[in-house]
Structures are given as structure tokens and as C-alpha cells.
Amino acid sequence: MKFGRRQFMTQAAVGAAASLAGGGTAQAEVLFPKDPNKFGRGGSTTGGVSRSEQTLYDCEIEGKLPVDLDGSFFRVGPDAQYPKSQQFEDDIFFDGEGHVSLFQFKNGHVDFRSRYVKNDRWKAQHAARKSLFGYYRNRSSDDASVQDVRRASHNTHVWVHANRLYALKEDSPPALINPHTLETIDSNYTFGGAYTAETFTAHPKNDPETGEMFAFGYEAKGLGSTDINVISVGRDGKINWSAWVNAPYCCMLHDFAVTRRHIAFLAIPMAYNKASPVHWAWDNTKQPWLGVMRRGGDGKDIRWVPGPMNMSDHTMGSWSDGDRFFWDMDGADGNRFPFFPHLHDRFDPVKGQARVRRFSMDLSRKSVRNFDMEVLYPDVTGALSRQDDRYNVDPYRYGFLVSAWGSKGQGWTMFDHQKRTHRTFMPGPDAVLNEAVFAPRRKGAAEADGYLLGVAHLPKENRSEVLVLDTQDITAGPIARVILPGRATPQIHGNWIPGDQLPPG
Ligand SMILES: [Fe+2]
């Protein structure tokens, strides 16, 4: 951009005043690029970032909110704290700082609150009033001043176990969050030093029968390593089992499967590449591998078996039937994230469309050449699989998905695997749907009997709302809408936690 003399003098005067106010140092501009494809996705004007911590007592509610819907709907997502310096402004959305939000449902009322995770990264940038971290999971691109600062963003998922609320990002240990105030209690929680892996999944699983939480860390001995540490945590919050296994190569292991008998990982060709600025690159010369091990064992029995090309990342459900293992995920035939580089081919939007797939392996057979993969519903594409979380480790019947219907917009689809049918709620083409979570109608309710909740963004109205659907017929539309005056914070995942599963506030 060229300045005329008059403009230049005005700018110079502003600059001089800023210099004086700043004690002689140059003033950094806090402004995100307008391009929604850049880091910050256009900034505040497009709703790409929120950056504002909010407290709203008694949200407006339209419709009839069930008075017995008692619990906490937690969400988290990457909400860029500062624009990146120009050389890193093409960094990916996934690198934004974790911002947790809470819709607290009680007695027909809903209170809203949101807070950033106050981890070391957030504190360093807050003090500096600028971004100090470079590309996604790329330590070498970070500012010299933060080379020893943990770069954990805690922006992917929120999980509750043993009265603790975790904010999670798979490249770091969890952060502990106060479930009522959302203030950060511990930004590098290691179970009292008992957890030694450098990383911790964003997708733990809870076993309602034993009260255990199962989790794992991959790249557990440092970025680029193939080491996986898988653990369980007892009702008392202490690690009660730990095993180490190795992946066939270092790649994204975003979710996993836990059944009553088995634990499984799916290695996919989104592989670690040292030359990639954003850690991963799609390498179609590599094969997907399914690794299944005995739950509670030492990990030496893990069997890795190759299978058809796919990129699957979220578990809908999994179970074991004797020695036969089954795992449903949403997955595509190729890379589904166009923002990661390709090593040998180009992003293909058709191959990138995901559908619900069922992976299986018969472990009673001594020789298994390939794992099996079946596409369950060829007519439904989508992402962000969920289920009734009380069935995380058991055979299950119902699943949920954010589905995509072209010009008709998005939907929330509920699958009935027993009947192999599905029903979809569609809010209209102008709404952008976040992941939906399931809330049981009451304690002990039948599987998937209750409510489906999630945030819908309405870009034309520049605001968001929580839609509450009855799972008896989601096509009937929301029974209630919890209305925010502006846009909700960005979200990757969320969770419904019944009121009796949290300590009193
Ligand atoms: Fe995820």
C-alpha cells in the first residue's frame, strides 16, 4: 500500500503518539486478516474468533425446555487469542487457543459462561499482547522467548471423570478446569506425576460399569515418535493400568476404541512429516493399519493389520463379540482436511467426503491379512460422530452425526443400526451446525432416549443458539431454543454432563 504525503503524516503522528504511550516501542496491530482462509478465519467481523470471555445469567429461551433437563453442556474450540505474524498467518484453524464454554441447565433456566484455558501459552501471549507461537505443532517456528513455554492449546474436547473436568488437546497433557467457574486449575495435569507420556488424547472413553476412564497418548515420547501409552484411571482418579505399544508409523491417532475386551487404534496416512510446517502431511503411499490389543494386558499382544485406504477419525461406537471386534467411525476414502499438505497427490473433495464405516477384525483367526471395512449408510455424508456415551464400551444401537446435504445445508442425523435406518433434522440452509451431544431423559433412561443438543450459528443474524431436540423424533424440530445475543465461541467438541456427575458448585 502507498501513502500520500497527507496520509503519511497522519500515520506518522499516530505512530509517534503510540511510541510515546508505549515507552518508545513500536505498537503491534491487533487485527486479523479479512481472508477467512487465514488464521483467525477473518477475525471478529466474520465471527471467526470470539476472544471475549462471557457471563450471561438466564439466557432467553424460546419453546418448552424440559424442567428435568439438569446438567452442564460443555464445549471447547480454538479461538485465536491474537493474529499470527504475517509469516504464519496461513497457519491452520486447529492452532487457536482453547476457549471453554458452558450452558448450565437447571429448573428450566440456562446460564452461559465462557473462559479461555489459562495455560502457559495463553499467559505468555497475554503478557506480550501478541502471538508468540508459529505453526501448528511446530516448535521450531515459535518465538525465541517461548522456546521453554508449553505450547498446549487445550482446544479440542472437554471430558469429565471422577469429578474432574478436563480440557484436552492431543499434543499435550490435559488442563484441569473448574466445572462451575471454568477457571483453569492446572494447565499441565499429570495425575500427580504418574502420567509420564508427553501427550494425551482428546477422546477418552468412560466405562460406566467399572467407573474407569480409558485414555492414551500418541507421539508419547516426543513429536515424531511412534510410542503410544494407553492407560485407565479408576473411580478415585488414579491411574490403575498403563501399557506401552508402538504404531506402525507416526501418524494422527485422533480417536480410539475401547470395548469390554479390547482397545484399538487406527493408523491413517496423515503422517508426521518433518518438512511440513503444520506437522502432518497426507502420504498416500502409506496404508491404514488397525491395531487391536487386549484391554488390561501388557500390550505385547497388539495385532496391527492393514486395510483399505481411508481417513477415519471419530468413533461412533465399538464393541467386542467374543473374539470379534467392531468399530464404527465416520471416515472418507482419502484426506478430509484440505488444509494439510499432500506429499504425492492432490486433495480430492469427493474422496474427502466421510460416511459411517464399520471396521472389524476376527481375532480368533491366527492369520488375518486385512481388516474389514463396510460403509453403513452410503447416502449420508458427514462428520463428528457421537453416541449415547453410556454405551462407549458396549454394543450400541443409535448414533448421531452432523450430516451434509449440499445446498439444503447441514443436519443432525440419528442412526438406528438395528433397523439400518436414519432420520435427519435440518435447520435450513443458512444455519451452521456444531457437533450434537446426547442428554439422557433421566437417569437410567433407555439408550438414546432423551435430548439432542447442539449449537447452531446463524451467520445472517450474527448470533447463535442451542437447539434442543427430542430424540423420539428429531425431525419434529427443536422443542426449545436457548438464544445467545451474539455468536457462541468456536467449537470442535462438546459434552453433556448430568448434574449428579459433577461436584456441587
Ligand atoms: Fe475429535
# chains A, B, ... in the order shown; residues from 1 in each chain; ligands from 1

call {"tool": "residues_around", "arguments": {"residues": "A:Arg355", "least_positions_apart": "2", "cutoff": "6 Å", "atoms": "only C-alpha atoms", "output": "CSV table (one decimal) with C-alpha atoms, in the first residue's frame"}}
result
chain,number,residue,atom,x,y,z
A,330,ASP,CA,-17.0,-41.5,10.3
A,331,GLY,CA,-14.4,-41.7,7.6
A,381,THR,CA,-22.1,-37.9,4.4

call {"tool": "residues_around", "arguments": {"residues": "stretch 71-80 of chain A", "least_positions_apart": "3", "cutoff": "6 Å", "atoms": "only C-alpha atoms", "output": "list of chain:residue names"}}
result
A:Gly40, A:Val49, A:Gly96, A:Glu97, A:Gly98, A:His99, A:Val100, A:Ser101, A:Leu102, A:Phe103, A:Gln104, A:Phe105, A:Asn155, A:Thr156, A:His157, A:Pro490, A:Gln491, A:Ile492, A:His493, A:Gly494, A:Asn495, A:Trp496, A:Ile497, A:Pro498, A:Gly499

call {"tool": "closest_atom_pairs", "arguments": {"of": "chain A", "to": "ligand 1", "cutoff": "12 Å", "atoms": "only C-alpha atoms and all ligand atoms", "output": "Markdown table"}}
result
| residue | atom | partner | partner_atom_place_in_ligand_line | distance |
| --- | --- | --- | --- | --- |
| A:Val76 | CA | ligand 1 | 1 (Fe) | 11.0 |
| A:Gly77 | CA | ligand 1 | 1 (Fe) | 10.6 |
| A:Phe94 | CA | ligand 1 | 1 (Fe) | 11.0 |
| A:Asn155 | CA | ligand 1 | 1 (Fe) | 10.2 |
| A:Thr156 | CA | ligand 1 | 1 (Fe) | 6.5 |
| A:His157 | CA | ligand 1 | 1 (Fe) | 7.0 |
| A:Val158 | CA | ligand 1 | 1 (Fe) | 10.4 |
| A:Trp159 | CA | ligand 1 | 1 (Fe) | 11.9 |
| A:Leu168 | CA | ligand 1 | 1 (Fe) | 9.9 |
| A:Lys169 | CA | ligand 1 | 1 (Fe) | 9.2 |
| A:Glu170 | CA | ligand 1 | 1 (Fe) | 9.2 |
| A:Thr201 | CA | ligand 1 | 1 (Fe) | 9.1 |
| A:Ala202 | CA | ligand 1 | 1 (Fe) | 6.4 |
| A:His203 | CA | ligand 1 | 1 (Fe) | 6.5 |
| A:Pro204 | CA | ligand 1 | 1 (Fe) | 10.3 |
| A:Met252 | CA | ligand 1 | 1 (Fe) | 11.1 |
| A:Leu253 | CA | ligand 1 | 1 (Fe) | 10.0 |
| A:His254 | CA | ligand 1 | 1 (Fe) | 6.3 |
| A:Asp255 | CA | ligand 1 | 1 (Fe) | 6.6 |
| A:Phe256 | CA | ligand 1 | 1 (Fe) | 10.2 |
| A:Ser312 | CA | ligand 1 | 1 (Fe) | 10.6 |
| A:Asp313 | CA | ligand 1 | 1 (Fe) | 7.0 |
| A:His314 | CA | ligand 1 | 1 (Fe) | 6.0 |
| A:Thr315 | CA | ligand 1 | 1 (Fe) | 8.8 |
| A:Met316 | CA | ligand 1 | 1 (Fe) | 11.2 |
| A:Met329 | CA | ligand 1 | 1 (Fe) | 11.3 |
| A:Asp330 | CA | ligand 1 | 1 (Fe) | 11.0 |
| A:Ala383 | CA | ligand 1 | 1 (Fe) | 9.8 |
| A:Leu384 | CA | ligand 1 | 1 (Fe) | 7.2 |
| A:Ser385 | CA | ligand 1 | 1 (Fe) | 9.1 |
| A:Arg386 | CA | ligand 1 | 1 (Fe) | 10.2 |
| A:Glu435 | CA | ligand 1 | 1 (Fe) | 10.2 |
| A:Gln491 | CA | ligand 1 | 1 (Fe) | 10.7 |
| A:Ile492 | CA | ligand 1 | 1 (Fe) | 7.0 |
| A:His493 | CA | ligand 1 | 1 (Fe) | 6.6 |
| A:Gly494 | CA | ligand 1 | 1 (Fe) | 9.8 |
| A:Asn495 | CA | ligand 1 | 1 (Fe) | 11.9 |

call {"tool": "select_by_dssp", "arguments": {"residues": "stretch 217-433 of chain A", "states": "strand (DSSP E)", "output": "JSON, numbers by chain"}}
result
{"A": [217, 218, 227, 228, 229, 230, 231, 232, 233, 239, 240, 241, 242, 243, 244, 245, 246, 257, 258, 262, 263, 264, 265, 266, 267, 270, 271, 272, 280, 281, 282, 289, 290, 291, 292, 293, 294, 303, 304, 305, 306, 311, 312, 313, 314, 315, 316, 317, 318, 319, 320, 321, 324, 325, 326, 327, 328, 329, 330, 331, 332, 355, 356, 357, 358, 359, 360, 361, 362, 372, 373, 374, 375, 381, 382, 383, 384, 385, 386, 387, 398, 399, 400, 401, 402, 403, 404, 410, 411, 412, 413, 414, 415, 416, 421, 422, 423, 424, 425, 432, 433]}

call {"tool": "residues_around", "arguments": {"residues": "stretch 473-484 of chain A", "least_positions_apart": "3", "cutoff": "9 Å", "atoms": "only C-alpha atoms", "output": "ChimeraX atom specification"}}
result
/A:56,59-66,110,112,412-414,423-427,451-452,463-470,487-488

call {"tool": "write_last_selection", "arguments": {"atoms": "C-alpha atoms", "output": "tab-separated table (two decimals), in the first residue's frame"}}
result
chain	number	residue	atom	x	y	z
A	56	LEU	CA	-24.76	-14.47	30.85
A	59	CYS	CA	-30.46	-16.88	28.70
A	60	GLU	CA	-33.56	-16.16	26.65
A	61	ILE	CA	-35.39	-19.38	25.89
A	62	GLU	CA	-37.95	-19.96	23.19
A	63	GLY	CA	-40.14	-23.05	23.36
A	64	LYS	CA	-40.57	-25.51	26.17
A	65	LEU	CA	-37.38	-26.50	27.90
A	66	PRO	CA	-37.87	-29.72	29.94
A	110	VAL	CA	-29.92	-21.79	31.32
A	112	PHE	CA	-23.98	-19.27	29.94
A	412	TRP	CA	-28.18	-33.71	12.64
A	413	THR	CA	-28.76	-37.33	11.70
A	414	MET	CA	-29.75	-40.08	14.12
A	423	ARG	CA	-33.70	-39.65	10.43
A	424	THR	CA	-32.42	-36.12	9.99
A	425	PHE	CA	-33.29	-32.73	11.43
A	426	MET	CA	-32.37	-29.86	9.12
A	427	PRO	CA	-32.48	-26.27	10.40
A	451	TYR	CA	-32.46	-35.00	24.01
A	452	LEU	CA	-30.03	-33.99	21.32
A	463	ARG	CA	-25.80	-14.89	16.60
A	464	SER	CA	-26.00	-18.47	17.85
A	465	GLU	CA	-28.45	-20.61	19.74
A	466	VAL	CA	-28.60	-24.03	21.35
A	467	LEU	CA	-31.22	-26.26	19.76
A	468	VAL	CA	-32.82	-28.91	21.97
A	469	LEU	CA	-34.42	-31.82	20.12
A	470	ASP	CA	-36.34	-34.79	21.49
A	487	ARG	CA	-22.10	-15.64	18.39
A	488	ALA	CA	-21.09	-18.54	20.57

call {"tool": "atom_distance", "arguments": {"atom1": "atom CA of A:Trp405", "atom2": "atom CA of A:Asp90"}}
result
28.7 Å

call {"tool": "residues_around", "arguments": {"residues": "stretch 229-240 of chain A", "least_positions_apart": "2", "cutoff": "7 Å", "atoms": "only C-alpha atoms", "output": "VMD selection string"}}
result
chain A and resid 162 191 197 211 to 218 220 227 242 to 245

call {"tool": "write_last_selection", "arguments": {"atoms": "N, CA and C atoms", "output": "PDB file, in the first residue's frame"}}
result
ATOM      1  N   ALA A 162     -14.401 -38.780  37.395  1.00  0.00           N
ATOM      2  CA  ALA A 162     -14.020 -38.693  38.812  1.00  0.00           C
ATOM      3  C   ALA A 162     -14.071 -37.250  39.317  1.00  0.00           C
ATOM      4  N   PHE A 191      -1.720 -36.417  36.614  1.00  0.00           N
ATOM      5  CA  PHE A 191      -2.184 -37.408  37.589  1.00  0.00           C
ATOM      6  C   PHE A 191      -1.159 -37.558  38.719  1.00  0.00           C
ATOM      7  N   ALA A 197       3.712 -39.857  29.787  1.00  0.00           N
ATOM      8  CA  ALA A 197       3.685 -39.579  28.346  1.00  0.00           C
ATOM      9  C   ALA A 197       3.582 -38.068  28.126  1.00  0.00           C
ATOM     10  N   GLY A 211     -16.460 -47.765  36.201  1.00  0.00           N
ATOM     11  CA  GLY A 211     -16.165 -46.400  36.636  1.00  0.00           C
ATOM     12  C   GLY A 211     -14.824 -45.897  36.152  1.00  0.00           C
ATOM     13  N   GLU A 212     -14.184 -46.644  35.259  1.00  0.00           N
ATOM     14  CA  GLU A 212     -12.861 -46.240  34.779  1.00  0.00           C
ATOM     15  C   GLU A 212     -12.955 -45.317  33.567  1.00  0.00           C
ATOM     16  N   MET A 213     -11.921 -44.484  33.433  1.00  0.00           N
ATOM     17  CA  MET A 213     -11.723 -43.723  32.199  1.00  0.00           C
ATOM     18  C   MET A 213     -10.513 -44.326  31.483  1.00  0.00           C
ATOM     19  N   PHE A 214     -10.669 -44.550  30.179  1.00  0.00           N
ATOM     20  CA  PHE A 214      -9.554 -45.036  29.368  1.00  0.00           C
ATOM     21  C   PHE A 214      -9.061 -43.894  28.479  1.00  0.00           C
ATOM     22  N   ALA A 215      -7.758 -43.802  28.342  1.00  0.00           N
ATOM     23  CA  ALA A 215      -7.177 -42.731  27.535  1.00  0.00           C
ATOM     24  C   ALA A 215      -5.831 -43.207  26.988  1.00  0.00           C
ATOM     25  N   PHE A 216      -5.264 -42.426  26.110  1.00  0.00           N
ATOM     26  CA  PHE A 216      -3.941 -42.768  25.581  1.00  0.00           C
ATOM     27  C   PHE A 216      -3.243 -41.484  25.143  1.00  0.00           C
ATOM     28  N   GLY A 217      -1.932 -41.604  25.002  1.00  0.00           N
ATOM     29  CA  GLY A 217      -1.162 -40.528  24.385  1.00  0.00           C
ATOM     30  C   GLY A 217      -0.387 -41.115  23.231  1.00  0.00           C
ATOM     31  N   TYR A 218      -0.396 -40.448  22.094  1.00  0.00           N
ATOM     32  CA  TYR A 218       0.454 -40.917  20.982  1.00  0.00           C
ATOM     33  C   TYR A 218       1.504 -39.847  20.703  1.00  0.00           C
ATOM     34  N   ALA A 220       4.041 -40.249  22.203  1.00  0.00           N
ATOM     35  CA  ALA A 220       4.090 -40.132  23.665  1.00  0.00           C
ATOM     36  C   ALA A 220       5.494 -39.893  24.189  1.00  0.00           C
ATOM     37  N   ASP A 227       5.524 -44.067  19.754  1.00  0.00           N
ATOM     38  CA  ASP A 227       5.119 -44.634  21.044  1.00  0.00           C
ATOM     39  C   ASP A 227       3.705 -44.200  21.433  1.00  0.00           C
ATOM     40  N   SER A 242      -1.456 -49.214  32.882  1.00  0.00           N
ATOM     41  CA  SER A 242      -0.695 -48.492  31.866  1.00  0.00           C
ATOM     42  C   SER A 242       0.034 -49.499  30.993  1.00  0.00           C
ATOM     43  N   ALA A 243      -0.018 -49.323  29.687  1.00  0.00           N
ATOM     44  CA  ALA A 243       0.722 -50.189  28.770  1.00  0.00           C
ATOM     45  C   ALA A 243       1.301 -49.327  27.649  1.00  0.00           C
ATOM     46  N   TRP A 244       2.403 -49.770  27.115  1.00  0.00           N
ATOM     47  CA  TRP A 244       3.044 -49.042  26.010  1.00  0.00           C
ATOM     48  C   TRP A 244       3.031 -49.927  24.764  1.00  0.00           C
ATOM     49  N   VAL A 245       2.632 -49.349  23.647  1.00  0.00           N
ATOM     50  CA  VAL A 245       2.671 -50.054  22.363  1.00  0.00           C
ATOM     51  C   VAL A 245       3.253 -49.081  21.325  1.00  0.00           C
TER      52      VAL A 245
END

call {"tool": "atom_distance", "arguments": {"atom1": "atom CA of A:Ala354", "atom2": "atom CA of A:Pro378"}}
result
9.6 Å

call {"tool": "select_by_dssp", "arguments": {"residues": "stretch 18-109 of chain A", "states": "alpha helix (DSSP H)", "output": "list of chain:residue names"}}
result
A:Ala18, A:Ser19, A:Leu20, A:Ala21

call {"tool": "write_last_selection", "arguments": {"atoms": "C-alpha atoms", "output": "CSV table (one decimal), in the first residue's frame"}}
result
chain,number,residue,atom,x,y,z
A,18,ALA,CA,1.8,5.3,20.1
A,19,SER,CA,5.5,5.2,20.6
A,20,LEU,CA,5.4,7.7,23.4
A,21,ALA,CA,2.5,5.9,25.0

call {"tool": "residues_around", "arguments": {"residues": "A:Asp348", "least_positions_apart": "3", "cutoff": "8 Å", "atoms": "only C-alpha atoms", "output": "ChimeraX atom specification"}}
result
/A:334-335,351-352

call {"tool": "write_last_selection", "arguments": {"atoms": "N, CA and C atoms", "output": "compact mmCIF listing (two decimals), in the first residue's frame"}}
result
# COMPACT_ATOMS: atom_id res chain seq x y z
N GLY A 334 -10.25 -40.74 1.37
CA GLY A 334 -8.97 -40.04 1.29
C GLY A 334 -8.92 -38.96 2.35
N ASN A 335 -7.95 -38.06 2.22
CA ASN A 335 -7.80 -36.97 3.18
C ASN A 335 -9.08 -36.13 3.21
N LYS A 351 -13.25 -37.78 -2.64
CA LYS A 351 -12.66 -38.78 -1.72
C LYS A 351 -12.67 -38.28 -0.29
N GLY A 352 -12.79 -36.96 -0.11
CA GLY A 352 -12.77 -36.38 1.24
C GLY A 352 -14.11 -36.40 1.94

call {"tool": "residues_around", "arguments": {"residues": "stretch 300-303 of chain A", "least_positions_apart": "5", "cutoff": "10 Å", "atoms": "only C-alpha atoms", "output": "list of chain:residue names"}}
result
A:Ala243, A:Trp244, A:Val245, A:Asn246, A:Ala247, A:His262, A:Ile263, A:Ala264, A:Phe265, A:Trp289, A:Leu290, A:Gly291, A:Val292, A:Met293, A:Arg294, A:Leu363, A:Val368

call {"tool": "write_last_selection", "arguments": {"atoms": "C-alpha atoms", "output": "PDB file, in the first residue's frame"}}
result
ATOM      1  CA  ALA A 243       0.722 -50.189  28.770  1.00  0.00           C
ATOM      2  CA  TRP A 244       3.044 -49.042  26.010  1.00  0.00           C
ATOM      3  CA  VAL A 245       2.671 -50.054  22.363  1.00  0.00           C
ATOM      4  CA  ASN A 246       4.013 -48.757  19.059  1.00  0.00           C
ATOM      5  CA  ALA A 247       2.200 -47.546  15.949  1.00  0.00           C
ATOM      6  CA  HIS A 262     -10.289 -54.812  23.509  1.00  0.00           C
ATOM      7  CA  ILE A 263      -8.619 -51.481  22.817  1.00  0.00           C
ATOM      8  CA  ALA A 264      -7.946 -50.410  19.238  1.00  0.00           C
ATOM      9  CA  PHE A 265      -6.199 -47.725  17.228  1.00  0.00           C
ATOM     10  CA  TRP A 289      -3.485 -50.136   9.842  1.00  0.00           C
ATOM     11  CA  LEU A 290      -5.881 -51.318  12.517  1.00  0.00           C
ATOM     12  CA  GLY A 291      -4.226 -52.291  15.788  1.00  0.00           C
ATOM     13  CA  VAL A 292      -6.198 -54.273  18.370  1.00  0.00           C
ATOM     14  CA  MET A 293      -4.926 -55.256  21.815  1.00  0.00           C
ATOM     15  CA  ARG A 294      -6.368 -56.879  24.900  1.00  0.00           C
ATOM     16  CA  LEU A 363      -9.112 -62.074  16.460  1.00  0.00           C
ATOM     17  CA  VAL A 368      -5.610 -62.041   9.455  1.00  0.00           C
TER      18      VAL A 368
END

call {"tool": "residues_around", "arguments": {"residues": "A:Leu433", "least_positions_apart": "4", "cutoff": "7 Å", "atoms": "only C-alpha atoms", "output": "number ranges by chain"}}
result
A: 410, 455-457
